[in-house]
Structures are given as C-alpha cells and as structure tokens.
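What follows is the content of model.txt, which has compact mmCIF, C-alpha atoms:
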```
# COMPACT_ATOMS: atom_id res chain seq x y z
CA MET A 1 27.88 -9.00 2.30
CA THR A 2 26.11 -6.68 -0.05
CA PRO A 3 22.45 -7.52 -0.42
CA ASP A 4 20.97 -8.22 -3.81
CA THR A 5 19.29 -5.24 -5.37
CA PRO A 6 15.81 -4.88 -3.91
CA VAL A 7 14.00 -5.34 -7.19
CA GLN A 8 15.25 -8.94 -7.37
CA ILE A 9 12.59 -9.72 -4.78
CA LEU A 10 10.04 -9.36 -7.59
CA ASP A 11 11.63 -12.10 -9.70
CA ALA A 12 11.86 -14.35 -6.67
CA TYR A 13 8.20 -13.66 -5.89
CA ALA A 14 7.13 -14.53 -9.45
CA THR A 15 9.21 -17.71 -9.50
CA ALA A 16 7.78 -18.95 -6.20
CA VAL A 17 4.19 -18.20 -7.24
CA TYR A 18 4.59 -19.92 -10.61
CA ALA A 19 5.98 -22.99 -8.81
CA ARG A 20 3.13 -22.81 -6.23
CA ASP A 21 5.94 -23.20 -3.67
CA VAL A 22 4.63 -22.00 -0.31
CA ASP A 23 7.98 -22.28 1.47
CA ALA A 24 9.91 -20.53 -1.31
CA LEU A 25 7.44 -17.67 -1.24
CA LEU A 26 7.39 -17.38 2.57
CA ALA A 27 11.20 -17.38 2.61
CA LEU A 28 10.99 -13.90 1.06
CA TYR A 29 9.18 -12.54 4.12
CA HIS A 30 10.48 -11.41 7.50
CA PRO A 31 8.94 -13.35 10.41
CA ASP A 32 7.35 -10.12 11.69
CA VAL A 33 5.99 -9.02 8.32
CA THR A 34 2.76 -7.06 8.18
CA VAL A 35 0.64 -7.45 5.03
CA TYR A 36 -2.22 -5.24 3.92
CA ASP A 37 -3.53 -7.58 1.23
CA MET A 38 -6.07 -6.47 -1.34
CA TRP A 39 -8.54 -9.24 -0.54
CA GLU A 40 -10.75 -9.85 2.49
CA SER A 41 -8.43 -9.24 5.43
CA TRP A 42 -7.41 -5.91 6.94
CA LEU A 43 -4.08 -7.22 8.20
CA TYR A 44 -1.97 -10.35 8.18
CA ASP A 45 0.20 -9.84 11.24
CA GLY A 46 3.34 -11.97 10.95
CA ARG A 47 4.57 -14.60 8.50
CA ASP A 48 2.61 -17.39 10.14
CA ALA A 49 -0.66 -15.53 9.54
CA TRP A 50 0.40 -14.82 5.96
CA ARG A 51 1.21 -18.51 5.42
CA GLY A 52 -2.46 -19.34 5.80
CA MET A 53 -3.40 -17.00 2.95
CA VAL A 54 -0.64 -18.35 0.69
CA GLU A 55 -1.57 -21.98 1.36
CA GLY A 56 -5.21 -21.26 0.60
CA TRP A 57 -4.32 -19.40 -2.60
CA PHE A 58 -1.98 -22.03 -4.00
CA GLY A 59 -4.33 -24.81 -2.90
CA SER A 60 -7.17 -23.19 -4.85
CA LEU A 61 -5.21 -23.33 -8.12
CA GLY A 62 -5.39 -27.10 -8.59
CA ASP A 63 -3.18 -27.90 -11.58
CA GLY A 64 -3.33 -24.34 -12.84
CA ARG A 65 -0.53 -21.83 -12.56
CA VAL A 66 -0.22 -18.09 -12.09
CA GLU A 67 2.27 -16.07 -14.06
CA VAL A 68 3.22 -12.82 -12.31
CA THR A 69 4.74 -9.90 -14.19
CA PHE A 70 5.60 -6.39 -13.04
CA ASP A 71 5.80 -3.07 -14.79
CA ASN A 72 6.42 0.56 -13.90
CA VAL A 73 8.78 -0.71 -11.18
CA ARG A 74 10.26 1.96 -8.89
CA SER A 75 12.74 1.33 -6.11
CA THR A 76 14.74 3.14 -3.46
CA ALA A 77 17.54 1.32 -1.66
CA THR A 78 19.31 2.57 1.45
CA PRO A 79 21.63 0.49 3.65
CA GLU A 80 18.96 -0.43 6.20
CA LEU A 81 15.65 -0.19 4.40
CA ALA A 82 14.42 -0.36 0.81
CA LEU A 83 11.19 0.32 -1.04
CA VAL A 84 10.00 -1.40 -4.22
CA HIS A 85 6.65 -0.69 -5.79
CA ALA A 86 5.10 -1.71 -9.10
CA PHE A 87 2.02 -2.53 -11.10
CA VAL A 88 1.40 -6.27 -11.14
CA THR A 89 -0.31 -8.58 -13.64
CA TYR A 90 -1.47 -11.99 -12.45
CA THR A 91 -2.24 -14.26 -15.41
CA GLY A 92 -3.99 -17.55 -14.71
CA GLN A 93 -2.95 -20.52 -16.84
CA SER A 94 -4.55 -23.93 -17.19
CA ALA A 95 -2.48 -27.06 -16.56
CA SER A 96 -1.77 -27.17 -20.31
CA GLY A 97 -0.48 -23.59 -20.29
CA GLU A 98 -3.57 -21.98 -21.79
CA ARG A 99 -4.06 -18.37 -20.71
CA LEU A 100 -7.33 -18.13 -18.78
CA ARG A 101 -7.64 -14.63 -17.30
CA ALA A 102 -5.52 -11.74 -16.13
CA MET A 103 -5.88 -9.31 -13.24
CA ASN A 104 -3.95 -6.17 -12.36
CA ASN A 105 -3.10 -4.69 -9.02
CA ARG A 106 -0.44 -2.55 -7.36
CA VAL A 107 2.08 -3.63 -4.77
CA SER A 108 4.38 -1.74 -2.42
CA MET A 109 7.03 -3.68 -0.52
CA THR A 110 9.31 -2.36 2.20
CA LEU A 111 12.39 -4.52 2.60
CA VAL A 112 15.01 -5.04 5.30
CA PRO A 113 18.48 -6.51 4.67
CA GLU A 114 19.22 -9.95 6.08
CA GLY A 115 22.72 -11.18 5.18
CA ASP A 116 23.08 -11.22 1.42
CA ARG A 117 19.44 -10.61 0.60
CA TRP A 118 16.37 -8.55 1.35
CA LEU A 119 13.27 -9.70 3.21
CA ILE A 120 9.80 -8.20 2.93
CA GLN A 121 8.95 -6.39 6.16
CA HIS A 122 5.73 -4.81 4.95
CA GLU A 123 3.59 -5.45 1.86
CA HIS A 124 0.58 -3.48 0.69
CA SER A 125 -1.40 -4.56 -2.37
CA SER A 126 -4.58 -3.10 -3.80
CA ALA A 127 -6.47 -2.00 -6.87
CA PRO A 128 -8.24 1.36 -7.00
CA ALA A 129 -11.95 1.40 -6.14
CA GLN A 130 -14.56 3.25 -8.16
CA PHE A 131 -16.48 5.92 -6.26
CA GLU A 132 -19.82 5.11 -7.86
CA THR A 133 -19.90 1.36 -7.35
CA GLY A 134 -17.36 0.78 -4.56
CA LYS A 135 -15.88 -1.97 -6.73
CA VAL A 136 -12.19 -2.41 -7.38
CA SER A 137 -10.89 -2.06 -10.94
CA LEU A 138 -8.96 -5.19 -11.86
CA GLN A 139 -8.00 -4.13 -15.38
CA ARG A 140 -5.59 -1.25 -15.57
CA PRO A 141 -6.14 0.98 -18.62
CA VAL A 142 -3.20 0.78 -21.04
CA MET B 1 19.55 18.03 12.47
CA THR B 2 17.69 15.01 13.66
CA PRO B 3 14.41 14.54 11.86
CA ASP B 4 11.19 14.35 13.78
CA THR B 5 10.04 10.84 14.49
CA PRO B 6 8.30 9.46 11.40
CA VAL B 7 4.94 8.95 13.11
CA GLN B 8 4.62 12.72 13.56
CA ILE B 9 3.73 12.84 9.87
CA LEU B 10 0.37 11.34 10.84
CA ASP B 11 -0.49 14.23 13.17
CA ALA B 12 0.59 16.73 10.55
CA TYR B 13 -1.56 14.92 7.96
CA ALA B 14 -4.62 14.99 10.23
CA THR B 15 -4.13 18.67 11.09
CA ALA B 16 -3.82 19.69 7.43
CA VAL B 17 -6.89 17.67 6.41
CA TYR B 18 -9.00 19.07 9.25
CA ALA B 19 -7.98 22.59 8.18
CA ARG B 20 -8.69 21.76 4.50
CA ASP B 21 -5.27 23.33 3.89
CA VAL B 22 -4.01 22.14 0.51
CA ASP B 23 -0.56 23.70 0.84
CA ALA B 24 -0.02 22.41 4.38
CA LEU B 25 -0.91 18.90 3.27
CA LEU B 26 1.23 19.02 0.12
CA ALA B 27 4.18 20.31 2.18
CA LEU B 28 4.33 16.82 3.72
CA TYR B 29 5.08 15.25 0.33
CA HIS B 30 8.31 14.98 -1.64
CA PRO B 31 8.08 16.60 -5.10
CA ASP B 32 8.65 13.17 -6.70
CA VAL B 33 6.12 11.33 -4.54
CA THR B 34 4.23 8.39 -6.00
CA VAL B 35 0.76 7.71 -4.59
CA TYR B 36 -1.31 4.57 -5.01
CA ASP B 37 -4.57 6.04 -3.75
CA MET B 38 -7.55 3.88 -2.89
CA TRP B 39 -9.96 5.72 -5.19
CA GLU B 40 -10.17 5.88 -8.99
CA SER B 41 -6.57 6.39 -10.09
CA TRP B 42 -3.84 3.74 -10.43
CA LEU B 43 -1.04 6.24 -9.80
CA TYR B 44 -0.49 9.88 -8.94
CA ASP B 45 3.03 10.45 -10.23
CA GLY B 46 4.55 13.47 -8.50
CA ARG B 47 3.28 16.09 -6.06
CA ASP B 48 1.74 18.21 -8.79
CA ALA B 49 -0.46 15.32 -9.88
CA TRP B 50 -1.39 14.63 -6.26
CA ARG B 51 -2.29 18.31 -5.75
CA GLY B 52 -5.17 17.90 -8.17
CA MET B 53 -6.68 15.10 -6.09
CA VAL B 54 -6.27 17.04 -2.85
CA GLU B 55 -7.82 20.19 -4.29
CA GLY B 56 -10.78 18.20 -5.58
CA TRP B 57 -11.24 16.42 -2.26
CA PHE B 58 -11.11 19.54 -0.07
CA GLY B 59 -13.23 21.45 -2.59
CA SER B 60 -15.93 18.78 -2.35
CA LEU B 61 -16.26 19.25 1.42
CA GLY B 62 -17.95 22.65 1.32
CA ASP B 63 -18.16 23.85 4.92
CA GLY B 64 -17.76 20.32 6.27
CA ARG B 65 -14.62 18.93 7.84
CA VAL B 66 -12.88 15.58 8.01
CA GLU B 67 -11.37 14.33 11.23
CA VAL B 68 -8.60 11.79 10.63
CA THR B 69 -7.49 9.38 13.33
CA PHE B 70 -5.03 6.49 13.23
CA ASP B 71 -4.72 3.27 15.13
CA ASN B 72 -2.53 0.18 15.10
CA VAL B 73 0.34 2.44 14.01
CA ARG B 74 3.62 0.70 13.21
CA SER B 75 6.83 2.41 12.19
CA THR B 76 10.42 1.67 11.29
CA ALA B 77 12.95 4.49 11.14
CA THR B 78 16.44 4.24 9.66
CA PRO B 79 18.72 7.20 8.90
CA GLU B 80 17.78 7.42 5.23
CA LEU B 81 14.32 5.90 4.93
CA ALA B 82 11.36 5.27 7.21
CA LEU B 83 8.10 3.36 7.05
CA VAL B 84 4.87 4.22 8.84
CA HIS B 85 1.67 2.27 8.38
CA ALA B 86 -1.67 2.36 10.17
CA PHE B 87 -5.41 1.89 10.06
CA VAL B 88 -7.17 5.17 9.35
CA THR B 89 -10.61 6.49 10.24
CA TYR B 90 -12.00 9.42 8.26
CA THR B 91 -14.97 10.99 10.06
CA GLY B 92 -17.03 13.55 8.17
CA GLN B 93 -18.40 16.45 10.17
CA SER B 94 -20.95 19.06 9.23
CA ALA B 95 -20.07 22.76 9.50
CA SER B 96 -21.65 22.70 12.99
CA GLY B 97 -19.44 19.77 14.09
CA GLU B 98 -22.11 17.08 13.79
CA ARG B 99 -20.67 13.65 13.00
CA LEU B 100 -22.03 12.55 9.62
CA ARG B 101 -20.28 9.34 8.61
CA ALA B 102 -17.03 7.43 9.11
CA MET B 103 -14.90 5.36 6.77
CA ASN B 104 -11.87 3.16 7.43
CA ASN B 105 -8.89 2.41 5.29
CA ARG B 106 -5.23 1.47 5.58
CA VAL B 107 -2.24 3.60 4.72
CA SER B 108 1.45 2.85 4.22
CA MET B 109 3.86 5.76 3.91
CA THR B 110 7.53 5.57 3.04
CA LEU B 111 9.40 8.68 4.17
CA VAL B 112 12.71 10.31 3.33
CA PRO B 113 14.51 12.80 5.59
CA GLU B 114 14.72 16.41 4.48
CA GLY B 115 16.48 18.66 6.99
CA ASP B 116 14.67 18.40 10.31
CA ARG B 117 11.64 16.51 9.07
CA TRP B 118 10.39 13.64 6.97
CA LEU B 119 8.65 13.86 3.62
CA ILE B 120 6.35 11.27 2.10
CA GLN B 121 8.09 9.64 -0.85
CA HIS B 122 5.48 6.94 -1.46
CA GLU B 123 1.94 6.49 -0.14
CA HIS B 124 -0.35 3.53 -0.62
CA SER B 125 -3.90 3.54 0.71
CA SER B 126 -6.63 0.96 0.32
CA ALA B 127 -9.39 -1.02 1.94
CA PRO B 128 -9.69 -4.78 1.44
CA ALA B 129 -12.05 -5.97 -1.31
CA GLN B 130 -14.54 -8.79 -0.88
CA PHE B 131 -14.06 -11.73 -3.22
CA GLU B 132 -17.78 -12.27 -3.82
CA THR B 133 -18.80 -8.73 -4.69
CA GLY B 134 -15.53 -7.04 -5.67
CA LYS B 135 -16.51 -4.19 -3.35
CA VAL B 136 -14.20 -2.61 -0.82
CA SER B 137 -15.03 -2.88 2.88
CA LEU B 138 -15.11 0.61 4.37
CA GLN B 139 -15.98 -0.43 7.93
CA ARG B 140 -13.27 -2.33 9.72
CA PRO B 141 -14.61 -4.92 12.17
CA VAL B 142 -13.77 -4.02 15.76
```

Could you take the file, read its structure, and then write that structure out as structure tokens?
Amino acid sequence: MTPDTPVQILDAYATAVYARDVDALLALYHPDVTVYDMWESWLYDGRDAWRGMVEGWFGSLGDGRVEVTFDNVRSTATPELALVHAFVTYTGQSASGERLRAMNNRVSMTLVPEGDRWLIQHEHSSAPAQFETGKVSLQRPV
Amino acid sequence: MTPDTPVQILDAYATAVYARDVDALLALYHPDVTVYDMWESWLYDGRDAWRGMVEGWFGSLGDGRVEVTFDNVRSTATPELALVHAFVTYTGQSASGERLRAMNNRVSMTLVPEGDRWLIQHEHSSAPAQFETGKVSLQRPV
C-alpha cells in the first residue's frame, strides 16, 4: 500500500486536538516515539510517556477547544522516512467558540511508514528564545 | 559510495565549531537547508541565511572556543533520508582553555545523502521553556 502523503499527518493532528481525543492523537505516534516538546520536559521517551502530557493538556482545557493551523509547511518524503515541518498556530476557543488567545510555535516531525499511513517517530517543537530575556517568543512576526 | 553513518555529522559539527571554522561548518549543510534555531529567529531559510548566524556566533567568541559534546544520541538511517537527534552541551572556554560556562540544548537533524556523506537538510534546536516564567531551561537536570 502506498502511504498517505506525509503532510496529511498535520490535518489528523489538528482534528484530534480539536476533538480533545487522546487516543486519536496518540494513534499518530509510533510506540517508540521520542518527543522534544517545547514545554517543561527535555524528552518524552516513548508513546506511553507522551500520553501523560497529552492527557494533562486536554484535561486542562475543560470545555474549551484548541484550533491548530499550520503554515509555511515543508515536507520531504522518501520510501522509508519522511520529514514534515511547519509553523503552528494554536488558537484557544471558549466552549461557545469565542476566540480567546493564540500562540505560535514551530514543529518538525520525522515519520515512518506503517501500512497505508505514516507514524510520527520523532517530534520537536519550540519557539525561539530571546537572548536578552531568555524568554520564548510566542507571537511570530507577520 | 556508501555514506558515512549519520551520527558522524555530530563529530564534524563539534570539530568545526571548536575550530571556529565557518566554511567547515557550512559544508555540513545542504544549500536549501531550513533551520529552526533556538535563538531569536523563527527560520533560517537556506545555507546563505544560516551563514550569517554562524559568522556572527563565531565572531562573538573572540579568542574563546566552544566545546560541543552530545549525549543520548539516537539515529535512524534509511537510504535516502536519516535522522539524528541528541542532547547537546556547549562549553565555553577562554583562550587559555579555562572552562567558563556550559549550556544544554536539544538538536534534531534530518540528513540527505550526497556522494559519500550526509548533509543537514533540516535542523531544529531548542531548550524546553518553563510554563510559569516563559524562560528556557539551559541546564538539563542530571
């Protein structure tokens, strides 16, 4: 079977996050995934470790939702490994759909084929830090 | 020709940085490389853009040197694409070899084969940010 194109992982990611569906999101990851997440932890080593972060994140949203959009998407697909990277916007919405706040970051995903789809083998997300303050910039200049 | 193993790019990176050799470091990158660097900029798009950062960095060192070491290295090599990621320690040294300071981050490199070696097609470096302060952690807990 020919895998989906790698960039489809981004749509699947956004759909799972909007639905706050832990299992749908984790189904996009390889069991041995390594994640360098932008917040708090140096490494999530394996999907089970990553599950804890996802459960905490979705649990913290209450009735709110997070809309995820991507731009400046670049991808490279080869038969055995693929790379997708992009700028990301996370927009928080209240239960009634009101837009609350938005945050930017950057994500790089390395994918491996598994049957007819791709799974995330490694994910790295971050926002650039300012030299002077050591703080990350969460609003990307247009 | 069989390319070097992908992890050799880390030794070549460390050697070029220690030598403050701009051209040796840039020779490790594909002309169309994209870099999500941990400091200041959202994207360096292409090797020429990245050259400016490298020149500024090495120029700022004066007679000092930076020793780069890697740990927790993981890699995946396929014929057409490879992934290497690791924790990094940058140790500043004075001109006389005195250890001045050390900083940790994380790097993910995606590599493409070119003749008998690998070139960096995409690099993403960061350190995790703290929720409370928004500041990046530059010292990884042991």

Counting all atoms listed in the file, the residue of A:Gly92, A:Pro113, A:Gly59, A:Pro79 that sits nearest chain B: A:Pro79

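Minimum distance to A:Tyr44 across B:Pro128, B:Leu61, B:Ala24, B:Gln8 (counting all atoms listed in the file) occurs at B:Pro128.
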
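Computed from the coordinates, the atom CA of B:Arg47 to atom CA of B:Asp4 distance equals 21.4 Å.
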
Set out as CSV a contact list for chain B and chain A with a cut-off of 6 Å, giving each residue of chain B that qualifies its closest atom pair and distance in Å to one decimal, counting all atoms listed in the file, ordered by chain and rising residue number.
```
residue,atom,partner,partner_atom,distance
B:Met38,CA,A:Pro128,CA,4.9
B:Trp39,CA,A:Ala129,CA,4.9
B:Glu40,CA,A:Gln130,CA,5.2
B:Pro128,CA,A:Met38,CA,4.9
B:Ala129,CA,A:Trp39,CA,4.9
B:Gln130,CA,A:Glu40,CA,5.2
B:Gly134,CA,A:Lys135,CA,5.2
B:Lys135,CA,A:Lys135,CA,4.1
B:Val136,CA,A:Gly134,CA,6.0
```

Distance in Å - atom CA of B:Gly64 versus atom CA of B:Tyr18: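 Atom-to-atom, atom CA of B:Gly64 and atom CA of B:Tyr18 are spaced 9.3 Å apart.
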
Pick from B:Arg65, B:Ala12, B:Val22, B:Gly115, whichever lies nearest to B:Glu98 using all atoms listed in the file: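 The closest residue to B:Glu98 is B:Arg65.
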
d(atom CA of B:Glu55, atom CA of A:Val73) in Å: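 Straight-line distance from atom CA of B:Glu55 to atom CA of A:Val73 works out to 27.6 Å.
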
Size and centre in Å, one decimal, axis-aligned box, all listed stretch 20-26 of chain B atoms plus 3 Å per side, as JSON:
```
{"center_x": -3.7, "center_y": 21.3, "center_z": 2.3, "size_x": 15.9, "size_y": 10.8, "size_z": 10.4}
```
